[in-house]
Structure formats: structure tokens, C-alpha cells
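These notes concern the structure reproduced below.
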Amino acid sequence: MPAKTIFNFIVAVTFSFTAANLTMAQPIGTVDISQSVQSEILDRELPYSIYLPESYHTSTREYPVLYLLHGMTDDHKGWINWGEMHRIAGDLMASGEVPEMVIVMPEGLYDAFYINNYDESIRWEDFFHEEFMPHVEETYRITAQRSRRAISGLSMGGYGAMYHGVKYKEKFGVVAAMSGAFLKVDPVSEEERSEWDREFHGKTWGPYNDENLPENYKEHSLHEMFSNMEPIERGPQQWSPNGNPEIPLPAILIDCGDDDFLLEQNTSLVHIMNSKNVDFEFLVRDGAHTWPYWQSGLELALQFIADEFRN
């Protein structure tokens, strides 16, 4: 074979191989970061991102849904820009390890912690349940059933996932919290309060009360929520923060790195949950409060959620 022909053959094969690899490397499913919802509660338009599985546009069926919350200082695009959500979710669904699902990433604002703040200037909790979830589940083909609805998140979003999943357990069948910012607050005298205590705690939970705690801290604290429940004897259906004992707690996964500065808050919450006989899974893996940890954590969370969806 002439040298020129050999060269052209090699170039053609190399090009074909590279093109094939590029095609294979394309994330599966589609992501849209341009969606938004007009909120009367928040008096603003809030953006959100959404992942639709590969078959969504060619089928008519309904899909389970995962609400995936971002961390403090981030926004609704965080899981896409830094968390590689598109690749991780697409690969797991393509392999059949997890069923196809819609993944919704709401805008949680800079540091709102997914609750109604003390002066109600940001009623994110009300927005989520009264406006956002209804909007999403009416706009997209989603199976609006507890057993097919999950919530997950990292750091501030890990707290948000646990808070909403437990408080509104009639809506969520699965919770997966990564590096949860569960924010256990101890009483602090006025002389000992830091600038962070005064500004962040005051904005989020209100002024300090006679117990030397922010006024609304206890009603939003997972540590308090679980501490105040009666120990479970016949199963998780015994207890509910909203007085509905017939609905069980969701399946719960808590995942935190062994070098994460929030590990102590995670382990202290786990100890309380253990003392109340709550059924959950707790993972402590090698890692810190970083995106590589949450990328691997998302894979584990999706597999955990998949098991519950299939059950």
C-alpha cells in the first residue's frame, strides 16, 4: 500500500475512532437551565434547572421525580456546572442501574436554607410547597406520588432535603442528604455571640430569646425535631411532626466525609436518630466538603433512591 494511502487510512480510522468516542461521551438525557416560575409568595421570578431522561421526548409515560438542592452561596445551576449531574445521572440511567427519572434543581437563593426566615421576607418553604412543586408536577409528566418522589441535596441543600423530607413526609418517600449543614446551635450568652451568630442566626431564625437561642431555631432544627419524638417501637409510622402517624418516615440516607467540617453535626444527629430507633443509612467516606465528594455521593444517592423507587 502506498505511503500516502496508508497515511490517509490512518487519519480516517483515527477520525472515526475519535468521533465515536465523542459521540459516546455526550451526556445522556437533556438539561434545561432556562426555566423559571413566577412566585407571588416571594414576589419575584425564580429560575430553575431540570434534567429530562433520554426517553422523555419520545414517550407519553410519567416519571418519578427527584428534587435536588444546591448548597449555600451556589444557585440552581451548581449541580450541573460543578456536580456533573448530567453525566452521572445519564450514565446510571443508560446502564439500567437507576430507573429514568426527572431531576429538578430549584433556586434556593444564596443562604435562605430552604425555610421561611424569621421576618418572612423570604418564605422559601411556602414557595416550594405551594407554588414550585405544583408548577413542576403540572408542567412535566411526573408521577405525583409519595413513593415516586425523592429529595436530596448537599450542605445547605442536605439540610433542606432532611427538613422537607421529614417535616413533609407525606410527600416524600426518599431523602438523601450529603454533607448536611444540620446546624446544631448551643445556647450562647450575649457577651459570647459572634458576628455570625448575630447576623446569620438573626436573619434566619430571629433574635435571641431567654434561652439564649434564636427565637425560631428549635422549630427548624433537625436535632430538636428528632429529640422531641417518642422512640419508635412498631416502626417509623408511629411518629410524625405534623400529627399524621399513619405515614412512615421516608427512607433516609445521610452521607458525610471523614474530613468534612460538618461531620460532627452529622454524627450528633445520627446519635439522636439512633436513640429513637429511626431506620436510616449513614455513610462516612474518605473525603471533605468538596465537589469530588458530592459527585461520588450523587451516584450513591441515586442508587439509594432507585432502590426505594423500585420497592
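Letters A, B, ... go to the chains of the C-alpha cells in the order shown; residues in each chain start at 1; ligands are counted from 1 in the same order.
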Taking only residues of region 22-86 of chain A that have an atom at most 9 Å from an atom of region 121-134 of chain A, what is each one's shortest atom pair and its distance in Å to one decimal, using only C-alpha atoms, in chain and number order, as a tab-separated table?
residue	atom	partner	partner_atom	distance
A:Val37	CA	A:Phe132	CA	7.2
A:Gln38	CA	A:Glu131	CA	8.7
A:Ser39	CA	A:Glu131	CA	6.9
A:Glu40	CA	A:Phe127	CA	8.4
A:Ile41	CA	A:Phe127	CA	5.9
A:Leu42	CA	A:Ile122	CA	6.2
Just N, CA and C atoms for this one: save the residues we selected as a PDB file, in the first residue's frame.
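The resulting file, out_8.pdb, is shown below:
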ATOM      1  N   VAL A  37     -40.177  30.225  37.279  1.00  0.00           N
ATOM      2  CA  VAL A  37     -41.547  30.257  37.778  1.00  0.00           C
ATOM      3  C   VAL A  37     -41.765  31.601  38.461  1.00  0.00           C
ATOM      4  N   GLN A  38     -42.897  32.205  38.194  1.00  0.00           N
ATOM      5  CA  GLN A  38     -43.236  33.475  38.825  1.00  0.00           C
ATOM      6  C   GLN A  38     -43.866  33.191  40.188  1.00  0.00           C
ATOM      7  N   SER A  39     -43.264  33.738  41.230  1.00  0.00           N
ATOM      8  CA  SER A  39     -43.739  33.476  42.584  1.00  0.00           C
ATOM      9  C   SER A  39     -44.417  34.699  43.173  1.00  0.00           C
ATOM     10  N   GLU A  40     -45.660  34.531  43.542  1.00  0.00           N
ATOM     11  CA  GLU A  40     -46.350  35.584  44.270  1.00  0.00           C
ATOM     12  C   GLU A  40     -45.872  35.629  45.715  1.00  0.00           C
ATOM     13  N   ILE A  41     -45.561  34.471  46.263  1.00  0.00           N
ATOM     14  CA  ILE A  41     -45.114  34.393  47.660  1.00  0.00           C
ATOM     15  C   ILE A  41     -43.793  35.132  47.851  1.00  0.00           C
ATOM     16  N   LEU A  42     -42.859  34.952  46.932  1.00  0.00           N
ATOM     17  CA  LEU A  42     -41.546  35.593  47.030  1.00  0.00           C
ATOM     18  C   LEU A  42     -41.499  36.923  46.278  1.00  0.00           C
TER      19      LEU A  42
END
List every residue of region 129-221 of chain A that has an atom at most 6 Å from any atom of region 248-272 of chain A, giving for each one its closest atom pair and the distance in Å to one decimal, counting only C-alpha atoms, sorted by chain and then by ascending residue number, as CSV.
residue,atom,partner,partner_atom,distance
A:Lys169,CA,A:Leu249,CA,5.8
A:Gly173,CA,A:Pro250,CA,4.5
A:Val174,CA,A:Ala251,CA,4.7
A:Val175,CA,A:Ile252,CA,4.9
A:Ala176,CA,A:Leu253,CA,4.6
A:Ala177,CA,A:Ile254,CA,4.9
A:Met178,CA,A:Asp255,CA,4.8
A:Ser179,CA,A:Cys256,CA,4.6
Go through A:Gly158, A:Pro64, A:Gly96, A:Gly297 one by one, measure the shortest atom-to-atom distance of each to Gly108 (chain A) using only C-alpha atoms, and give the residue with the smallest value.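 Answer, going by the shortest atom-to-atom distance: A:Gly158.
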So, counting only C-alpha atoms, which residue among A:Asp32, A:Glu62, A:Glu84, A:Glu97 is closest to Gln295 (chain A)?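 Between A:Asp32, A:Glu62, A:Glu84, A:Glu97, the residue approaching Gln295 (chain A) most closely is A:Glu84.
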Would you please give, as a ChimeraX atom specification, all residues of region 111-256 of chain A that DSSP assigns to alpha helix (DSSP H) based on the backbone? /A:124-127,133-139,156-167,195-196,202-205,217-220,222-227
Identify which of the residues A:Pro187, A:Ser155, A:Phe309, A:Arg149 lies closest to Ala288 (chain A), counting only C-alpha atoms when measuring atom-to-atom distances.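 The closest residue to Ala288 (chain A) is A:Ser155.
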I want to know what sits within 10 Å of Gln145 (chain A), based on only C-alpha atoms, with residues of the same chain fewer than 2 positions away left out; could you give that as a ChimeraX atom specification? /A:64-65,142-143,147-150,170-173
For Pro207 (chain A), work out the shell of residues within 9 Å, counting only C-alpha atoms and skipping chain neighbours fewer than 5 positions away, then give it as an mmCIF file with C-alpha atoms, in the first residue's frame.
data_model
loop_
_atom_site.group_PDB
_atom_site.id
_atom_site.type_symbol
_atom_site.label_atom_id
_atom_site.label_comp_id
_atom_site.auth_asym_id
_atom_site.auth_seq_id
_atom_site.Cartn_x
_atom_site.Cartn_y
_atom_site.Cartn_z
ATOM 1 C CA TYR A 118 -37.851 34.905 60.765
ATOM 2 C CA ARG A 198 -25.959 37.917 65.328
ATOM 3 C CA HIS A 201 -28.799 33.412 63.039
ATOM 4 C CA GLY A 202 -30.760 36.625 63.484
ATOM 5 C CA LEU A 213 -31.163 30.647 71.336
ATOM 6 C CA PRO A 214 -32.517 32.302 68.181
ATOM 7 C CA GLU A 215 -36.292 32.589 68.539
ATOM 8 C CA ASN A 216 -37.281 30.206 65.704
#
